[in-house]
Amino acid sequence: MRFSIVARILSVIAFTIGISMFFALGFAVYDGTSDINILLETILICLATSAVLYIWGRRENLSDCGPREAVCAVALSWIVATVLGGLPFYIGGYVPTFLDACFETMSGFTTTGSSIMTTIEAMPRGIAMWRNETMFLGGMGIVVLVIAIMPFLGLNTARLFKAESPGPSLEKTSPRVKEMASSLWKIYVGVTIVGILSLMALGLNFFEATTHVFAAVSTGGFSPHNASTAYFASPAVDFCLAFLMLFCSLNFSVHFFALKNRSLKAYKDSECKFFFAVVAVAVAIVTVTLLLDKTYTSVFEAFHQAFFHVASLISTTGFVSADYGQWSHVCLFTFLIVMMIGGCAGSTAGGIKCIRFQIALKGTKAQLANTMHPNAVYTVRQNGEPVRDDYLLSIALFIVLYFVFWGIAILFSCMCGNDILSAMSAVTATLSNVGPGMGQVGPIINFANQSAPAKFLYIVCMMAGRLELYTMLVLFTRDLWKK
């Protein structure tokens with residue numbers, strides 16, 4: 001392991017975090033509030049940290065970055081970003097402890113949306129904007145952003161891109177990783193601009209529109225209002241945000257090819273079809289259940305709430321427009337399932353990812369058929385292409401690892417004093433990067449009353465979920481740290 005190469009990469013991450021705070025600083029300067037000094041102080045700390053890390057690695061040739069350095073740099077970049085990004089909350093006294101600041105920032109950068117904030121509306125707009133900006137930066141990925149805007153680095157970007165990007169990939173989306181990263185960020189920013197203009201047309205001011213679109217396109221879920229989107233009491237706003245969340249839950253390479261080829265054929269992708277099928281079934285189940293339980297008597301209102309919350313939870317965003325914690329167990333179980341499934345690979349959404357479930361189901365079907373007809377040969381296909389056996393094995397191992405990690409985390413959460421429903425939903429919400437859970441961490445209560453060990457556990461879960469376990473767990477292997 002060449003730590004100086006890792007330090008050089010982390011110096012760019014620290015620099016990017018510091019520079020990014022100038023957007024939030026603009027709101028503080030406009031309002032003339034006390035967060036001006038807080039943000040300026042944090043920016044200076046970020047730039048100083050960047051300078052120290054750069055001096056450490058200044059003699060290194062970044063083209064020598066190997067797989068160990070790439071994995072280590074990506075994993076540590078989220079820790080560095082969390083520590084530096086949490087400073088405004090801690091310095092300003094908006095959270096009681098530095099652990100709480102790290103929880104809130106890790107939740108933002110991993111686009112989880114779980115929160116310990118109880119008086120969100122009391123924060124100045126500069127701090128509130130930074131809180132939502134962490135999600136926007138983390139949605140497409142901090143490292144992917146660095147690859148897109150810092151092409152002069154000359155490091156092995158392919159390895160960084162692979163370690164950072166969520167979800168498995170059956171094919172290379174572009175022979176030039178820098179070009180691909182730049183294109184993905186252009187699409188991401190373009191969708192953000194369209195979303196902001198749409199919400200402003202529906203009556204939201206620029207600050208409200210920007211913060212909520214940052215949360216929607218990153219599938220993060222932070223809102224500057226304590227009541228989340230229920231504050232607006234507007235089905236039009238809910239539907240607009242729901243469509244943004246679903247759009248960003250699709251593989252961004254699909255959007256890339258659709259724009260490149262100027263054709264909608266890219267959306268005939270098998271994973272896209274599977275994703276929309278899950279959404280349709282879940283919305284139907286929740287709508288019918290809400291009507292049968294007389295939670296809502298209007299078909300439109302039942303559909304509105306079902307569609308919005310299914311979109312919010314399967315995209316792992318976590319916006320809420322009603323206290324779904326009071327709904328029937330059928331609704332809650334449906335939500336738990338879609339939270340685990342999540343969005344598509346290569347999207348800003350979390351979860352296990354649709355492609356893994358889809359291929360696992362196809363593999364199971366082939367195995368059952370082979371049991372009945374041992375001499376027949378069954379090939380699992382995705383988008384018409386055969387899926388290699390090693391790819392099937394990697395998906396099966398990931399799903400097993402996910403549920404092993406999930407079970408162990410639930411055990412620790414129960415040891416921290418949570419009941420089984422709260423522990424199960426809290427771990428699912430953080431590991432799948434969803435945000436709100438159920439029970440003691442429901443959509444109205446949040447994570448403020450959780451103990452310090454529980455909060456630390458959830459920070460680990462959020463990072464593990466965003467990096468999809470392997471990139472984080474490899475930090476604890478002996479081989480990685482050998483020189």
# chains A, B, ... in the order shown; residues from 1 in each chain; ligands from 1
>>> select_by_dssp(residues="region 165-353 of chain A", states="alpha helix (DSSP H)", output="ChimeraX atom specification")
/A:177-201,206-217,235-247,252-261,270-292,299-314,329-341
>>> residues_around(residues="Gly318 (chain A)", least_positions_apart="3", cutoff="9 Å", atoms="only C-alpha atoms", output="list in words")
Thr112, Gly113, Ser114, Thr219, Gly220, Gly221, Phe222, His309, Ser312, Leu313, Ile314, Ser315, Ala429, Asn433, Val434, Gly435, Pro436, Gly437 and Pro443 of chain A
>>> closest_residue(among="A:Phe103, A:Lys260, A:Thr111, A:His212", to="Leu457 (chain A)", atoms="only C-alpha atoms")
A:Phe103
>>> closest_residue(among="A:Ser298, A:Gln382, A:Thr119, A:Asn226", to="Lys268 (chain A)", atoms="only C-alpha atoms")
A:Gln382
>>> closest_residue(among="A:Leu469, A:Ile45, A:Val441, A:Val330", to="Phe398 (chain A)", atoms="only C-alpha atoms")
A:Leu469
>>> residues_around(residues="Ala423 (chain A)", least_positions_apart="4", cutoff="7 Å", atoms="only C-alpha atoms", output="VMD selection string")
chain A and resid 410 413 to 414 418 to 419 427
